[in-house]
Amino acid sequence: MPKAAQMTIIIPGIILFVCLFAMMPVVLHFGPGDGGLQFSWGQGYQSFKDYVAGLWTGESFTYYSGKNEHHFWDRIGSYFLTSFYYVTAASMLGSLIGIFIGIYFAVSKAGWAKSLADFIGALPDFVIVLLLQFIIVLIAKETGVVLFEVATLSADDPAVVLPLLAMIIIPANYMLRNVAMQMKLTLTEDYISNAKAKGLGKLYIIFYHGLPNVLPYVKGDLHKLMGIVMGNLFIVEYLFNNKGVSMLIFAHAFVGGEYQYDIVVNGLLSFLLLYGLGYAILRVFLFVLGKVFE
């Protein structure tokens, strides 16, 4: 099936899945008495029906923050750009750092460094974020020097460096493991032995013979890497209180005890757009990196 035809099926399917997923807080609820889980598909269908109808009137793009009504298109720009900054920076820097450290791990023993990478890889995302915040607070307490903001308290004083660092650590750790494994296998190939026999330098062989053959494996694993980045984005934006797409959903999904289906659907679709853009940019970045070492 042609790729264009596949996309005409996949995109509506993804949008439908988002709409169904956003229904869950309406469809699932605990009943009275024994508190058993009940399904209210009628309420879910009504939410979906109202959302579709509101697309033509514009009501699907309004939401409440407290008692104030806002328009989605007036607010999404700043939220989207914040998340876009973290997704693109974390995916590119995490990949770049992971590739070069992975190469180092493949050609050296570095036992303590590998143990540290394994330890970090075993930690959940939120634990890494909390540890980073704790370290900054501890340093500030002992020295009186605040290295980085540990949370965004106002638009004038946002936390930038620490959230970015938290976003980079997880994908970099995942990337270095893959690159180290693939590079070790690549360096055992016959064409590498042939390059060594010709007297080519070690670094030349690694970067101009080994790396170009490792990058296709990296590109084939990009969807998993971007999934890690996007999952990390939810946690980082929430724990650092950064005003990104995740916080737009978290902060406005429930207002005054009422579930705002429209803002959740619009927010999740924006989140998927972030994923697509981040994936495309990362593919271009790796393509350029491959051209550099051809």
# chains A, B, ... in the order shown; residues from 1 in each chain; ligands from 1
call {"tool": "residues_around", "arguments": {"residues": "Phe100 of chain A", "least_positions_apart": "3", "cutoff": "12 Å", "atoms": "only C-alpha atoms", "output": "PyMOL selection string"}}
result
chain A and resi 93-97+103-107+172-173+175-180+183+206-207+211+214-215+289
call {"tool": "select_by_dssp", "arguments": {"residues": "segment 9-236 of chain A", "states": "alpha helix (DSSP H)", "output": "number ranges by chain"}}
result
A: 9-22, 24-27, 41-57, 72-107, 111-122, 125-143, 161-186, 190-197, 202-205, 211-220, 222-236
call {"tool": "select_by_dssp", "arguments": {"residues": "segment 229-278 of chain A", "states": "strand (DSSP E or B)", "output": "compact mmCIF listing (two decimals) with N, CA and C atoms, in the first residue's frame"}}
result
# COMPACT_ATOMS: atom_id res chain seq x y z
N PHE A 254 -9.78 19.04 34.77
CA PHE A 254 -10.88 19.12 35.72
C PHE A 254 -10.91 20.52 36.33
N VAL A 255 -12.00 21.20 36.15
CA VAL A 255 -12.17 22.54 36.71
C VAL A 255 -13.52 22.60 37.40
N GLU A 258 -15.75 19.59 37.18
CA GLU A 258 -16.25 19.23 35.86
C GLU A 258 -15.09 18.84 34.94
N TYR A 259 -15.31 17.78 34.16
CA TYR A 259 -14.29 17.30 33.23
C TYR A 259 -14.43 18.05 31.91
call {"tool": "closest_residue", "arguments": {"among": "A:Phe61, A:Tyr174, A:Tyr45, A:Phe17", "to": "Ile99 of chain A", "atoms": "only C-alpha atoms"}}
result
A:Tyr174
call {"tool": "atom_distance", "arguments": {"atom1": "atom CA of Tyr217 of chain A", "atom2": "atom CA of Lys184 of chain A"}}
result
13.0 Å
call {"tool": "closest_atom_pairs", "arguments": {"of": "segment 124-221 of chain A", "to": "segment 237-250 of chain A", "cutoff": "10 Å", "atoms": "only C-alpha atoms", "output": "CSV"}}
result
residue,atom,partner,partner_atom,distance
A:Phe126,CA,A:Leu239,CA,7.9
A:Val129,CA,A:Leu239,CA,7.6
A:Leu130,CA,A:Leu239,CA,8.2
A:Gln133,CA,A:Phe240,CA,9.1
A:Glu149,CA,A:Phe240,CA,9.1
A:Val150,CA,A:Phe240,CA,6.7
A:Ala151,CA,A:Phe240,CA,4.4
A:Thr152,CA,A:Asn241,CA,5.4
A:Leu153,CA,A:Asn241,CA,7.4
A:Ser154,CA,A:Asn242,CA,9.4
A:Ala155,CA,A:Lys243,CA,8.6
A:Pro158,CA,A:Asn242,CA,7.3
A:Ala159,CA,A:Phe240,CA,7.1
A:Val160,CA,A:Asn242,CA,8.6
A:Leu162,CA,A:Phe240,CA,8.7
A:Pro163,CA,A:Phe240,CA,6.8
A:Met167,CA,A:Glu237,CA,9.8
call {"tool": "atom_distance", "arguments": {"atom1": "atom CA of Thr62 of chain A", "atom2": "atom CA of Ile263 of chain A"}}
result
7.6 Å
call {"tool": "residues_around", "arguments": {"residues": "Met23 of chain A", "least_positions_apart": "6", "cutoff": "8 Å", "atoms": "only C-alpha atoms", "output": "mmCIF file with N, CA and C atoms, in the first residue's frame"}}
result
data_model
loop_
_atom_site.group_PDB
_atom_site.id
_atom_site.type_symbol
_atom_site.label_atom_id
_atom_site.label_comp_id
_atom_site.auth_asym_id
_atom_site.auth_seq_id
_atom_site.Cartn_x
_atom_site.Cartn_y
_atom_site.Cartn_z
ATOM 1 N N GLY A 44 -19.931 9.236 27.429
ATOM 2 C CA GLY A 44 -18.755 9.363 26.576
ATOM 3 C C GLY A 44 -19.127 9.727 25.157
ATOM 4 N N SER A 47 -20.129 13.368 24.957
ATOM 5 C CA SER A 47 -18.966 14.267 24.969
ATOM 6 C C SER A 47 -18.336 14.338 23.583
ATOM 7 N N PHE A 48 -18.190 13.182 22.949
ATOM 8 C CA PHE A 48 -17.624 13.146 21.600
ATOM 9 C C PHE A 48 -18.520 13.877 20.608
ATOM 10 N N TYR A 261 -13.659 17.815 28.440
ATOM 11 C CA TYR A 261 -13.280 16.871 27.390
ATOM 12 C C TYR A 261 -12.576 17.563 26.234
#
call {"tool": "closest_residue", "arguments": {"among": "A:Asp118, A:Asp125, A:Asp262, A:Glu142", "to": "Gln46 of chain A", "atoms": "only C-alpha atoms"}}
result
A:Asp262
call {"tool": "residues_around", "arguments": {"residues": "Leu286 of chain A", "least_positions_apart": "2", "cutoff": "9 Å", "atoms": "only C-alpha atoms", "output": "short mmCIF file (atom, residue, chain, number, x, y, z; two decimals) with C-alpha atoms, in the first residue's frame"}}
result
data_model
loop_
_atom_site.label_atom_id
_atom_site.label_comp_id
_atom_site.auth_asym_id
_atom_site.auth_seq_id
_atom_site.Cartn_x
_atom_site.Cartn_y
_atom_site.Cartn_z
CA MET A 92 18.99 15.96 19.66
CA SER A 95 21.07 11.40 20.92
CA LEU A 96 24.36 13.20 20.33
CA LEU A 215 23.42 4.91 12.56
CA VAL A 218 19.76 4.08 15.63
CA LYS A 219 17.31 5.45 13.04
CA ILE A 281 13.67 16.85 13.25
CA LEU A 282 15.60 14.01 14.88
CA ARG A 283 15.65 12.03 11.62
CA VAL A 284 17.03 15.07 9.78
CA VAL A 288 23.12 15.22 8.65
CA LEU A 289 25.30 13.47 11.24
CA GLY A 290 25.58 10.48 8.90
CA LYS A 291 26.63 12.74 6.01
#
call {"tool": "atom_distance", "arguments": {"atom1": "atom CA of His223 of chain A", "atom2": "atom CA of Leu132 of chain A"}}
result
26.7 Å
